[in-house]
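Okay, work38.txt is below, compact mmCIF, C-alpha atoms:
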```txt
# COMPACT_ATOMS: atom_id res chain seq x y z
CA MET A 168 8.75 -3.25 -2.87
CA GLU A 169 6.31 -2.50 -0.07
CA ARG A 170 2.83 -1.07 -0.66
CA LYS A 171 3.94 2.21 0.90
CA GLU A 172 6.80 2.56 -1.58
CA LEU A 173 4.45 1.89 -4.49
CA LEU A 174 2.00 4.49 -3.20
CA ASN A 175 4.79 7.07 -3.07
CA LEU A 176 5.74 6.29 -6.68
CA ILE A 177 2.14 6.66 -7.85
CA LYS A 178 1.49 9.95 -6.04
CA GLY A 179 1.29 12.88 -8.41
CA LEU A 180 1.18 10.77 -11.58
CA GLU A 181 -1.44 11.50 -14.22
CA LEU A 182 -2.67 8.00 -15.03
CA THR A 183 -5.20 6.94 -17.64
CA LYS A 184 -8.31 5.04 -16.50
CA LYS A 185 -6.72 1.74 -17.49
CA GLU A 186 -3.46 2.61 -15.73
CA LYS A 187 -5.44 3.47 -12.59
CA ARG A 188 -6.98 -0.01 -12.70
CA VAL A 189 -3.49 -1.47 -13.02
CA ALA A 190 -2.30 0.65 -10.08
CA GLU A 191 -5.22 -0.52 -7.91
CA PHE A 192 -4.46 -4.15 -8.77
CA PHE A 193 -0.78 -3.73 -7.87
CA LEU A 194 -1.71 -2.19 -4.52
CA ASP A 195 -4.34 -4.82 -3.72
CA GLU A 196 -2.26 -7.79 -4.87
CA GLU A 197 1.19 -6.71 -3.69
CA LYS A 198 2.05 -10.23 -2.58
CA ARG A 199 1.05 -11.86 -5.89
CA ILE A 200 2.26 -9.54 -8.62
CA TYR A 201 5.90 -10.60 -8.34
CA LEU A 202 4.88 -14.17 -9.12
CA MET A 203 2.77 -13.27 -12.18
CA THR A 204 3.55 -12.48 -15.81
CA VAL A 205 2.47 -9.33 -17.63
CA SER A 206 -0.15 -11.30 -19.56
CA GLU A 207 -1.57 -12.88 -16.40
CA ILE A 208 -1.91 -9.46 -14.77
CA ALA A 209 -3.46 -7.94 -17.90
CA ASN A 210 -5.99 -10.78 -18.27
CA GLU A 211 -7.04 -10.60 -14.63
CA ILE A 212 -7.60 -6.82 -14.78
CA GLY A 213 -9.10 -6.85 -18.26
CA VAL A 214 -6.58 -4.55 -19.94
CA SER A 215 -3.87 -5.00 -22.56
CA ASP A 216 -0.27 -6.02 -21.86
CA THR A 217 0.70 -2.58 -23.13
CA SER A 218 -1.30 -0.86 -20.35
CA VAL A 219 0.53 -2.88 -17.70
CA ILE A 220 3.95 -2.15 -19.23
CA ARG A 221 3.10 1.54 -19.60
CA PHE A 222 2.20 1.70 -15.91
CA ILE A 223 5.46 -0.04 -14.96
CA LYS A 224 7.44 2.54 -16.92
CA SER A 225 5.44 5.43 -15.45
CA ILE A 226 6.62 4.51 -11.92
CA GLY A 227 10.27 4.50 -12.99
CA PHE A 228 11.14 0.98 -14.16
CA LYS A 229 12.63 0.15 -17.56
CA ASN A 230 10.54 -2.99 -17.93
CA PHE A 231 8.53 -5.58 -16.00
CA THR A 232 11.61 -7.71 -15.31
CA GLU A 233 13.28 -4.85 -13.47
CA PHE A 234 10.10 -4.32 -11.45
CA LYS A 235 9.91 -8.02 -10.52
CA ASN A 236 13.54 -7.99 -9.46
CA SER A 237 12.75 -5.16 -7.04
CA GLY A 238 10.40 -7.52 -5.23
CA GLN A 239 12.67 -10.54 -5.11
CA GLN A 240 13.88 -9.73 -1.61
CA LYS A 241 10.31 -9.78 -0.37
CA ILE A 242 9.69 -13.17 -2.00
CA LYS A 243 12.98 -14.48 -0.58
CA SER A 244 11.88 -13.41 2.89
CA HIS A 245 8.69 -15.46 2.59
CA LEU A 246 10.65 -18.47 1.29
CA ASP A 247 13.14 -18.18 4.16
CA LYS A 248 10.27 -18.29 6.65
CA THR A 249 8.94 -21.43 4.95
CA LYS A 250 12.39 -23.03 5.31
CA ASP A 251 12.38 -22.07 9.01
CA PHE A 252 9.00 -23.75 9.44
CA ILE A 253 10.28 -26.96 7.83
CA LYS A 254 13.42 -26.82 9.97
CA ASN A 255 11.29 -26.47 13.12
CA ILE A 256 9.27 -29.57 12.18
CA ASP A 257 12.50 -31.56 11.83
CA ILE A 258 13.77 -30.32 15.21
CA ILE A 259 10.53 -31.35 16.92
CA LYS A 260 10.71 -34.81 15.34
CA GLU A 261 14.26 -35.32 16.58
CA ASN A 262 13.81 -33.96 20.12
CA SER A 263 11.39 -33.85 23.01
CA ILE A 264 8.74 -31.16 22.35
CA GLU A 265 8.89 -30.19 26.01
CA LYS A 266 12.66 -29.66 25.89
CA VAL A 267 12.52 -27.65 22.65
CA TYR A 268 9.72 -25.49 24.06
CA ILE A 269 11.50 -24.85 27.37
CA ASP A 270 14.73 -24.01 25.53
CA LYS A 271 12.78 -21.51 23.39
CA ILE A 272 11.25 -19.82 26.43
CA ASN A 273 14.65 -19.62 28.16
CA GLU A 274 16.17 -18.09 25.04
CA GLU A 275 13.46 -15.41 24.90
CA VAL A 276 13.69 -14.66 28.63
CA ASN A 277 17.46 -14.17 28.37
CA ARG A 278 17.02 -11.87 25.39
CA ILE A 279 14.33 -9.79 27.12
CA PHE A 280 16.49 -9.34 30.21
CA SER A 281 19.45 -8.09 28.18
CA LYS A 282 20.46 -4.47 28.79
CA ILE A 283 19.13 -3.29 25.42
CA SER A 284 15.66 -4.77 25.97
CA LEU A 285 15.47 -3.50 29.55
CA ASP A 286 16.39 0.01 28.41
CA VAL A 287 13.56 -0.10 25.85
CA LEU A 288 11.17 -1.45 28.49
CA GLN A 289 11.95 1.45 30.83
CA GLN A 290 11.48 3.99 28.03
CA ILE A 291 8.09 2.50 27.17
CA GLY A 292 7.01 2.31 30.82
CA LYS A 293 7.93 5.92 31.57
CA MET A 294 6.20 7.19 28.43
CA LEU A 295 2.97 5.32 29.25
CA ILE A 296 2.95 6.72 32.79
CA ARG A 297 3.70 10.25 31.60
CA LYS A 298 1.20 10.56 28.76
CA GLU A 299 -2.42 11.58 29.35
CA ARG A 300 -4.36 9.16 27.13
CA LYS A 301 -3.11 5.76 26.04
CA TYR A 302 -4.49 4.21 22.84
CA VAL A 303 -3.62 0.50 22.49
CA VAL A 304 -4.32 -1.11 19.12
CA GLY A 305 -3.74 -4.47 17.44
CA PHE A 306 -5.52 -6.39 14.70
CA LYS A 307 -5.42 -9.87 13.17
CA SER A 308 -2.79 -12.02 14.93
CA THR A 309 -1.98 -9.24 17.41
CA ALA A 310 -5.59 -8.61 18.53
CA GLY A 311 -5.26 -10.96 21.49
CA ILE A 312 -2.01 -9.65 22.89
CA SER A 313 -2.96 -5.99 22.40
CA ASN A 314 -6.24 -6.57 24.21
CA PHE A 315 -4.42 -8.43 27.00
CA PHE A 316 -2.07 -5.47 27.43
CA GLY A 317 -4.68 -2.72 27.03
CA VAL A 318 -7.15 -4.18 29.53
CA ARG A 319 -4.51 -4.73 32.23
CA LEU A 320 -2.88 -1.37 31.64
CA GLY A 321 -6.33 0.17 32.08
CA PHE A 322 -6.58 -1.35 35.56
CA MET A 323 -3.40 0.47 36.59
CA LEU A 324 -3.60 3.75 34.67
CA LYS A 325 -6.61 5.84 33.77
CA ASP A 326 -7.56 6.93 30.24
CA VAL A 327 -6.49 3.74 28.48
CA TYR A 328 -8.44 2.89 25.32
CA SER A 329 -8.00 -0.53 23.74
CA PHE A 330 -9.11 -1.49 20.20
CA ASN A 331 -8.73 -4.80 18.40
CA ILE A 332 -11.61 -4.71 15.91
CA ASP A 333 -10.88 -3.16 12.52
CA ASP A 334 -13.84 -0.80 12.03
CA SER A 335 -14.76 2.89 11.86
CA VAL A 336 -14.99 3.15 15.67
CA VAL A 337 -11.22 3.00 16.14
CA ILE A 338 -10.56 5.64 13.47
CA ASN A 339 -13.18 7.93 15.00
CA ALA A 340 -11.68 7.48 18.48
CA LEU A 341 -8.08 7.94 17.41
CA TYR A 342 -8.91 11.14 15.56
CA ASN A 343 -9.08 12.82 18.99
CA ILE A 344 -5.48 11.90 19.84
CA SER A 345 -3.05 14.75 20.60
CA GLU A 346 0.61 15.42 21.36
CA LYS A 347 -0.18 14.82 25.04
CA ASP A 348 -1.13 11.22 24.27
CA VAL A 349 0.57 8.00 23.18
CA PHE A 350 -0.42 5.51 20.49
CA VAL A 351 0.63 1.91 21.16
CA ILE A 352 0.44 -0.32 18.10
CA PHE A 353 1.14 -4.05 17.73
CA ASP A 354 1.88 -4.88 14.10
CA TYR A 355 3.48 -8.15 13.02
CA PRO A 356 3.34 -10.06 9.72
CA MET A 357 0.96 -10.10 8.01
CA TYR A 358 0.99 -6.35 8.54
CA SER A 359 -2.31 -4.48 8.86
CA ARG A 360 -3.18 -1.70 6.42
CA THR A 361 -5.57 -0.20 8.98
CA ALA A 362 -2.68 -0.04 11.45
CA GLU A 363 -0.76 2.05 8.93
CA VAL A 364 -3.70 4.46 8.50
CA LEU A 365 -4.04 4.84 12.27
CA THR A 366 -0.32 5.40 12.71
CA LYS A 367 -0.42 8.17 10.12
CA ILE A 368 -3.27 9.83 12.04
CA ALA A 369 -1.25 9.65 15.26
CA THR A 370 1.77 11.10 13.46
CA GLU A 371 -0.25 13.99 12.01
CA LYS A 372 -1.65 14.72 15.47
CA LYS A 373 1.93 14.72 16.86
CA ALA A 374 1.19 11.95 19.36
CA SER A 375 4.02 9.74 20.61
CA ILE A 376 4.11 6.28 19.03
CA ILE A 377 5.23 2.99 20.60
CA LEU A 378 5.53 0.15 18.11
CA PHE A 379 5.71 -3.57 18.85
CA THR A 380 6.86 -5.29 15.67
CA ASP A 381 9.33 -7.82 14.29
CA SER A 382 11.82 -5.68 12.37
CA ASP A 383 13.23 -2.20 11.78
CA ALA A 384 12.08 -2.71 8.19
CA SER A 385 8.42 -3.18 9.12
CA PRO A 386 5.97 -0.70 7.48
CA LEU A 387 5.40 1.38 10.64
CA ALA A 388 8.99 1.53 11.93
CA GLU A 389 9.71 4.95 10.42
CA TYR A 390 6.84 6.54 12.39
CA ALA A 391 7.70 5.16 15.83
CA ASP A 392 9.36 7.01 18.70
CA ILE A 393 10.11 3.73 20.48
CA ILE A 394 10.30 0.28 18.85
CA TYR A 395 10.33 -3.07 20.59
CA LYS A 396 11.35 -5.82 18.17
CA ALA A 397 10.08 -9.28 19.04
CA LYS A 398 11.37 -12.46 17.42
CA MET A 399 8.51 -14.25 15.69
CA ASN A 400 10.02 -17.65 14.92
CA GLY A 401 8.49 -20.31 17.13
CA ILE A 402 9.09 -24.04 17.46
CA SER A 403 6.15 -25.07 15.28
CA ILE A 404 5.01 -24.06 11.79
CA PHE A 405 3.39 -20.90 13.18
CA ASN A 406 4.72 -17.51 14.22
CA SER A 407 5.19 -17.24 17.97
CA LEU A 408 4.12 -14.48 20.36
CA ILE A 409 6.10 -15.91 23.28
CA SER A 410 8.65 -13.09 23.22
CA SER A 411 5.95 -10.40 23.09
CA GLN A 412 3.88 -12.03 25.83
CA ILE A 413 6.81 -12.32 28.24
CA PHE A 414 7.89 -8.74 27.53
CA ILE A 415 4.33 -7.38 27.97
CA GLU A 416 3.85 -9.14 31.30
CA TYR A 417 7.15 -7.85 32.60
CA LEU A 418 6.33 -4.34 31.31
CA LEU A 419 3.04 -4.37 33.24
CA THR A 420 4.91 -5.47 36.35
CA TYR A 421 7.46 -2.69 35.84
CA ILE A 422 4.71 -0.06 35.52
CA SER A 423 2.86 -1.35 38.59
CA GLN A 424 5.65 -0.22 40.93
CA PHE A 425 4.98 3.43 39.99
CA ILE A 426 1.22 3.40 40.58
CA GLU A 427 0.16 6.19 42.91
CA GLU A 428 -2.20 5.76 45.85
CA ASN A 429 -5.24 7.16 44.03
CA GLU A 430 -4.68 4.70 41.18
CA LYS A 431 -4.46 1.84 43.69
CA ASN A 432 -7.78 2.93 45.19
CA ARG A 433 -9.28 3.14 41.70
CA PHE A 434 -8.13 -0.40 40.94
CA SER A 435 -9.55 -1.69 44.25
CA ASN A 436 -12.95 -0.17 43.44
CA ILE A 437 -12.95 -1.62 39.93
CA ARG A 438 -12.00 -5.03 41.30
CA LYS A 439 -14.87 -4.83 43.80
CA TYR A 440 -17.38 -4.31 40.99
CA LEU A 441 -15.81 -7.09 38.94
CA ILE A 442 -16.21 -9.50 41.87
CA GLU A 443 -19.84 -8.40 42.39
CA LYS A 444 -20.79 -9.33 38.84
CA LEU A 445 -19.41 -12.88 39.14
```

As a first step, turn the structure in this file into structure tokens.
Amino acid sequence: MERKELLNLIKGLELTKKEKRVAEFFLDEEKRIYLMTVSEIANEIGVSDTSVIRFIKSIGFKNFTEFKNSGQQKIKSHLDKTKDFIKNIDIIKENSIEKVYIDKINEEVNRIFSKISLDVLQQIGKMLIRKERKYVVGFKSTAGISNFFGVRLGFMLKDVYSFNIDDSVVINALYNISEKDVFVIFDYPMYSRTAEVLTKIATEKKASIILFTDSDASPLAEYADIIYKAKMNGISIFNSLISSQIFIEYLLTYISQFIEENEKNRFSNIRKYLIEKL
């Protein structure tokens, strides 16, 4: 069960003070609770086992076992990723790292240049060109790639605002978004809670939403107008941004062919000042 699902179950419930503490713990420790017992949860919060069980029943489960079972798929997903990491280590040991890496890049390039990916790329490019203001956001592991994209997009199109620091500034800025604008969000595992808050703001303001993520089941997928799904499995023990990086660079190239003369002059002037400060 995702945090969003749990929030929906809690909404409207009249909880006791102790049950509210249980609810807060479940929301804050969503990745741990499925691996804990009722007693462990109760001891950590400082409430009785009964309070935990009462909360479980209040959100629609017969008992704690049924609740834990609802989260088994999430646990399985994490275990599967661990198996993939181990498998990658074995592949690297048995083959040339250079060959494995080149094969991975070729695989991602071929996937990006498939008809489906190119159709999505064109949809994203046209929306970015058409919309008035472009807000580009990414935190945690996506901060680098979102900043890379936002800065370069800002050289080609005006009114591009890029944020990769999770603070009040980004919420204050995004509050001004409107239906004439587009919100571009990069959100991969581990998913950002701030990204979810910002996406809800963009949705309420009726802005268009472009989401770069790993799955249709990601927390923000339901809010997006356009989704680009990037494969995250790399050749090492870490998630890979190769697919996203290649796609982003090609997307920037695609957009560049539609830049009007005044935008070219704007870029030339900016570049002049950048050279001056070197």

Determine the nearest neighbour of Lys178 of chain A from the options A:Ser263, A:Ser225, A:Ser206, A:Asn406, counting only C-alpha atoms.
A:Ser225

Between atom CA of Asp381 of chain A and atom CA of Ile283 of chain A, measure the distance and give it in Å to one decimal.
15.5 Å

Using all atoms listed in the file, which protein or nucleic acid residues come within 12 Å of Thr183 of chain A? Drop anything in the same chain fewer than 2 positions from it, and give the result as a list in words.
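What passes the distance filter is Leu180, Glu181, Lys185, Glu186, Lys187, Arg188, Val189, Ala190, Val214, Ser218, Val219, Arg221, Phe222 and Ser225 of chain A.
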
Choose the residue, out of A:Lys398, A:Phe315, A:Ile415, A:Val303, that has the smallest atom-to-atom separation from Thr366 of chain A; count only C-alpha atoms.
A:Val303

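If all atoms listed in the file are the atoms counted, then among A:Gly321, A:Leu182, A:Thr370, A:Arg360 the closest residue to Asp195 of chain A is A:Arg360.
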
Kindly indicate which residue among A:Met357, A:Ala384, A:Val349, A:Leu173 lies nearest to Ile291 of chain A, using all atoms listed in the file for the distances.
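Of the candidates, the smallest distance to Ile291 of chain A is held by A:Val349.
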
Point-to-point distance from atom CA of Asp392 of chain A to atom CA of Ser237 of chain A, Å rounded to tenths
28.7 Å

Would you please work out which residue, of A:Arg278, A:Asp326, A:Ser359, A:Ser335, is nearest to Ala310 of chain A when using only C-alpha atoms?
A:Ser359

Residue nearest Asn429 of chain A - candidates A:Ala374, A:Phe330, A:Met323, A:Ser407, atoms counted: all atoms listed in the file
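Using all atoms listed in the file, Asn429 of chain A sits closest to A:Met323.
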
Only N, CA and C atoms needed: put segment 281-329 of chain A from the block into a file as a PDB file, in the first residue's frame.
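Dumped everything to result13.pdb:
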```
ATOM      1  N   SER A 281      12.403   4.030 -30.631  1.00  0.00           N
ATOM      2  CA  SER A 281      11.221   3.284 -31.073  1.00  0.00           C
ATOM      3  C   SER A 281      10.104   4.279 -31.347  1.00  0.00           C
ATOM      4  N   LYS A 282       9.094   3.870 -32.087  1.00  0.00           N
ATOM      5  CA  LYS A 282       8.010   4.769 -32.465  1.00  0.00           C
ATOM      6  C   LYS A 282       7.279   5.321 -31.249  1.00  0.00           C
ATOM      7  N   ILE A 283       7.049   4.458 -30.250  1.00  0.00           N
ATOM      8  CA  ILE A 283       6.311   4.888 -29.064  1.00  0.00           C
ATOM      9  C   ILE A 283       7.052   6.005 -28.340  1.00  0.00           C
ATOM     10  N   SER A 284       8.356   5.819 -28.116  1.00  0.00           N
ATOM     11  CA  SER A 284       9.143   6.833 -27.413  1.00  0.00           C
ATOM     12  C   SER A 284       9.234   8.130 -28.209  1.00  0.00           C
ATOM     13  N   LEU A 285       9.383   8.019 -29.520  1.00  0.00           N
ATOM     14  CA  LEU A 285       9.480   9.219 -30.357  1.00  0.00           C
ATOM     15  C   LEU A 285       8.168   9.990 -30.371  1.00  0.00           C
ATOM     16  N   ASP A 286       7.053   9.280 -30.335  1.00  0.00           N
ATOM     17  CA  ASP A 286       5.745   9.948 -30.259  1.00  0.00           C
ATOM     18  C   ASP A 286       5.625  10.735 -28.956  1.00  0.00           C
ATOM     19  N   VAL A 287       6.066  10.127 -27.857  1.00  0.00           N
ATOM     20  CA  VAL A 287       6.024  10.805 -26.555  1.00  0.00           C
ATOM     21  C   VAL A 287       6.945  12.015 -26.579  1.00  0.00           C
ATOM     22  N   LEU A 288       8.132  11.857 -27.147  1.00  0.00           N
ATOM     23  CA  LEU A 288       9.090  12.959 -27.243  1.00  0.00           C
ATOM     24  C   LEU A 288       8.492  14.150 -27.979  1.00  0.00           C
ATOM     25  N   GLN A 289       7.823  13.899 -29.095  1.00  0.00           N
ATOM     26  CA  GLN A 289       7.217  14.980 -29.869  1.00  0.00           C
ATOM     27  C   GLN A 289       6.091  15.661 -29.085  1.00  0.00           C
ATOM     28  N   GLN A 290       5.303  14.877 -28.363  1.00  0.00           N
ATOM     29  CA  GLN A 290       4.237  15.455 -27.539  1.00  0.00           C
ATOM     30  C   GLN A 290       4.815  16.381 -26.469  1.00  0.00           C
ATOM     31  N   ILE A 291       5.890  15.917 -25.821  1.00  0.00           N
ATOM     32  CA  ILE A 291       6.534  16.720 -24.778  1.00  0.00           C
ATOM     33  C   ILE A 291       7.123  17.988 -25.376  1.00  0.00           C
ATOM     34  N   GLY A 292       7.843  17.848 -26.499  1.00  0.00           N
ATOM     35  CA  GLY A 292       8.473  18.996 -27.144  1.00  0.00           C
ATOM     36  C   GLY A 292       7.464  20.058 -27.537  1.00  0.00           C
ATOM     37  N   LYS A 293       6.376  19.647 -28.148  1.00  0.00           N
ATOM     38  CA  LYS A 293       5.351  20.597 -28.600  1.00  0.00           C
ATOM     39  C   LYS A 293       4.677  21.291 -27.415  1.00  0.00           C
ATOM     40  N   MET A 294       4.450  20.548 -26.335  1.00  0.00           N
ATOM     41  CA  MET A 294       3.825  21.159 -25.161  1.00  0.00           C
ATOM     42  C   MET A 294       4.750  22.196 -24.526  1.00  0.00           C
ATOM     43  N   LEU A 295       6.028  21.896 -24.434  1.00  0.00           N
ATOM     44  CA  LEU A 295       6.991  22.830 -23.842  1.00  0.00           C
ATOM     45  C   LEU A 295       7.099  24.107 -24.670  1.00  0.00           C
ATOM     46  N   ILE A 296       7.057  23.979 -25.971  1.00  0.00           N
ATOM     47  CA  ILE A 296       7.134  25.151 -26.861  1.00  0.00           C
ATOM     48  C   ILE A 296       5.866  25.995 -26.751  1.00  0.00           C
ATOM     49  N   ARG A 297       4.735  25.318 -26.624  1.00  0.00           N
ATOM     50  CA  ARG A 297       3.432  25.990 -26.631  1.00  0.00           C
ATOM     51  C   ARG A 297       3.113  26.720 -25.324  1.00  0.00           C
ATOM     52  N   LYS A 298       3.519  26.166 -24.212  1.00  0.00           N
ATOM     53  CA  LYS A 298       3.129  26.711 -22.914  1.00  0.00           C
ATOM     54  C   LYS A 298       3.920  27.973 -22.569  1.00  0.00           C
ATOM     55  N   GLU A 299       3.315  28.847 -21.769  1.00  0.00           N
ATOM     56  CA  GLU A 299       3.940  30.131 -21.441  1.00  0.00           C
ATOM     57  C   GLU A 299       5.126  29.964 -20.487  1.00  0.00           C
ATOM     58  N   ARG A 300       4.859  29.448 -19.288  1.00  0.00           N
ATOM     59  CA  ARG A 300       5.935  29.257 -18.305  1.00  0.00           C
ATOM     60  C   ARG A 300       6.190  27.766 -18.111  1.00  0.00           C
ATOM     61  N   LYS A 301       7.470  27.445 -17.955  1.00  0.00           N
ATOM     62  CA  LYS A 301       7.876  26.047 -17.811  1.00  0.00           C
ATOM     63  C   LYS A 301       8.573  25.874 -16.457  1.00  0.00           C
ATOM     64  N   TYR A 302       7.970  25.079 -15.578  1.00  0.00           N
ATOM     65  CA  TYR A 302       8.555  24.811 -14.267  1.00  0.00           C
ATOM     66  C   TYR A 302       9.166  23.410 -14.290  1.00  0.00           C
ATOM     67  N   VAL A 303      10.481  23.324 -14.086  1.00  0.00           N
ATOM     68  CA  VAL A 303      11.180  22.039 -14.140  1.00  0.00           C
ATOM     69  C   VAL A 303      11.695  21.698 -12.741  1.00  0.00           C
ATOM     70  N   VAL A 304      11.277  20.541 -12.231  1.00  0.00           N
ATOM     71  CA  VAL A 304      11.567  20.201 -10.834  1.00  0.00           C
ATOM     72  C   VAL A 304      12.078  18.768 -10.697  1.00  0.00           C
ATOM     73  N   GLY A 305      13.050  18.577  -9.818  1.00  0.00           N
ATOM     74  CA  GLY A 305      13.537  17.237  -9.485  1.00  0.00           C
ATOM     75  C   GLY A 305      14.339  17.292  -8.204  1.00  0.00           C
ATOM     76  N   PHE A 306      14.134  16.325  -7.323  1.00  0.00           N
ATOM     77  CA  PHE A 306      14.850  16.288  -6.054  1.00  0.00           C
ATOM     78  C   PHE A 306      15.607  14.969  -5.914  1.00  0.00           C
ATOM     79  N   LYS A 307      16.416  14.895  -4.864  1.00  0.00           N
ATOM     80  CA  LYS A 307      17.159  13.676  -4.544  1.00  0.00           C
ATOM     81  C   LYS A 307      17.969  13.204  -5.758  1.00  0.00           C
ATOM     82  N   SER A 308      17.755  11.952  -6.184  1.00  0.00           N
ATOM     83  CA  SER A 308      18.556  11.391  -7.277  1.00  0.00           C
ATOM     84  C   SER A 308      18.268  12.037  -8.623  1.00  0.00           C
ATOM     85  N   THR A 309      17.161  12.766  -8.745  1.00  0.00           N
ATOM     86  CA  THR A 309      16.811  13.396 -10.023  1.00  0.00           C
ATOM     87  C   THR A 309      17.192  14.880 -10.076  1.00  0.00           C
ATOM     88  N   ALA A 310      17.792  15.395  -8.997  1.00  0.00           N
ATOM     89  CA  ALA A 310      18.144  16.821  -8.953  1.00  0.00           C
ATOM     90  C   ALA A 310      19.100  17.189 -10.083  1.00  0.00           C
ATOM     91  N   GLY A 311      20.085  16.327 -10.329  1.00  0.00           N
ATOM     92  CA  GLY A 311      21.080  16.620 -11.356  1.00  0.00           C
ATOM     93  C   GLY A 311      20.502  16.668 -12.750  1.00  0.00           C
ATOM     94  N   ILE A 312      19.720  15.656 -13.099  1.00  0.00           N
ATOM     95  CA  ILE A 312      19.191  15.589 -14.462  1.00  0.00           C
ATOM     96  C   ILE A 312      18.126  16.651 -14.705  1.00  0.00           C
ATOM     97  N   SER A 313      17.340  16.983 -13.676  1.00  0.00           N
ATOM     98  CA  SER A 313      16.324  18.025 -13.850  1.00  0.00           C
ATOM     99  C   SER A 313      16.980  19.388 -14.024  1.00  0.00           C
ATOM    100  N   ASN A 314      18.072  19.610 -13.291  1.00  0.00           N
ATOM    101  CA  ASN A 314      18.796  20.872 -13.432  1.00  0.00           C
ATOM    102  C   ASN A 314      19.460  20.963 -14.804  1.00  0.00           C
ATOM    103  N   PHE A 315      20.047  19.844 -15.251  1.00  0.00           N
ATOM    104  CA  PHE A 315      20.654  19.780 -16.582  1.00  0.00           C
ATOM    105  C   PHE A 315      19.628  20.169 -17.645  1.00  0.00           C
ATOM    106  N   PHE A 316      18.431  19.605 -17.544  1.00  0.00           N
ATOM    107  CA  PHE A 316      17.388  19.872 -18.530  1.00  0.00           C
ATOM    108  C   PHE A 316      16.855  21.301 -18.411  1.00  0.00           C
ATOM    109  N   GLY A 317      16.567  21.726 -17.171  1.00  0.00           N
ATOM    110  CA  GLY A 317      15.981  23.054 -16.966  1.00  0.00           C
ATOM    111  C   GLY A 317      16.877  24.177 -17.432  1.00  0.00           C
ATOM    112  N   VAL A 318      18.169  24.091 -17.108  1.00  0.00           N
ATOM    113  CA  VAL A 318      19.119  25.147 -17.493  1.00  0.00           C
ATOM    114  C   VAL A 318      19.222  25.244 -19.011  1.00  0.00           C
ATOM    115  N   ARG A 319      19.361  24.121 -19.686  1.00  0.00           N
ATOM    116  CA  ARG A 319      19.520  24.128 -21.146  1.00  0.00           C
ATOM    117  C   ARG A 319      18.230  24.509 -21.864  1.00  0.00           C
ATOM    118  N   LEU A 320      17.104  24.091 -21.307  1.00  0.00           N
ATOM    119  CA  LEU A 320      15.825  24.497 -21.889  1.00  0.00           C
ATOM    120  C   LEU A 320      15.663  26.008 -21.772  1.00  0.00           C
ATOM    121  N   GLY A 321      16.157  26.568 -20.653  1.00  0.00           N
ATOM    122  CA  GLY A 321      16.083  28.013 -20.442  1.00  0.00           C
ATOM    123  C   GLY A 321      16.919  28.821 -21.410  1.00  0.00           C
ATOM    124  N   PHE A 322      17.948  28.210 -21.997  1.00  0.00           N
ATOM    125  CA  PHE A 322      18.741  28.900 -23.017  1.00  0.00           C
ATOM    126  C   PHE A 322      17.973  29.006 -24.333  1.00  0.00           C
ATOM    127  N   MET A 323      17.046  28.069 -24.555  1.00  0.00           N
ATOM    128  CA  MET A 323      16.320  28.033 -25.823  1.00  0.00           C
ATOM    129  C   MET A 323      14.945  28.688 -25.743  1.00  0.00           C
ATOM    130  N   LEU A 324      14.286  28.546 -24.602  1.00  0.00           N
ATOM    131  CA  LEU A 324      12.944  29.099 -24.427  1.00  0.00           C
ATOM    132  C   LEU A 324      12.927  30.040 -23.220  1.00  0.00           C
ATOM    133  N   LYS A 325      12.156  31.081 -23.307  1.00  0.00           N
ATOM    134  CA  LYS A 325      12.065  32.000 -22.175  1.00  0.00           C
ATOM    135  C   LYS A 325      11.076  31.473 -21.134  1.00  0.00           C
ATOM    136  N   ASP A 326      11.142  32.059 -19.957  1.00  0.00           N
ATOM    137  CA  ASP A 326      10.235  31.726 -18.844  1.00  0.00           C
ATOM    138  C   ASP A 326      10.340  30.254 -18.435  1.00  0.00           C
ATOM    139  N   VAL A 327      11.579  29.813 -18.245  1.00  0.00           N
ATOM    140  CA  VAL A 327      11.828  28.471 -17.724  1.00  0.00           C
ATOM    141  C   VAL A 327      12.372  28.619 -16.303  1.00  0.00           C
ATOM    142  N   TYR A 328      11.760  27.932 -15.355  1.00  0.00           N
ATOM    143  CA  TYR A 328      12.158  28.026 -13.950  1.00  0.00           C
ATOM    144  C   TYR A 328      12.530  26.633 -13.450  1.00  0.00           C
ATOM    145  N   SER A 329      13.767  26.495 -12.998  1.00  0.00           N
ATOM    146  CA  SER A 329      14.262  25.183 -12.593  1.00  0.00           C
ATOM    147  C   SER A 329      14.521  25.141 -11.087  1.00  0.00           C
TER     148      SER A 329
END
```
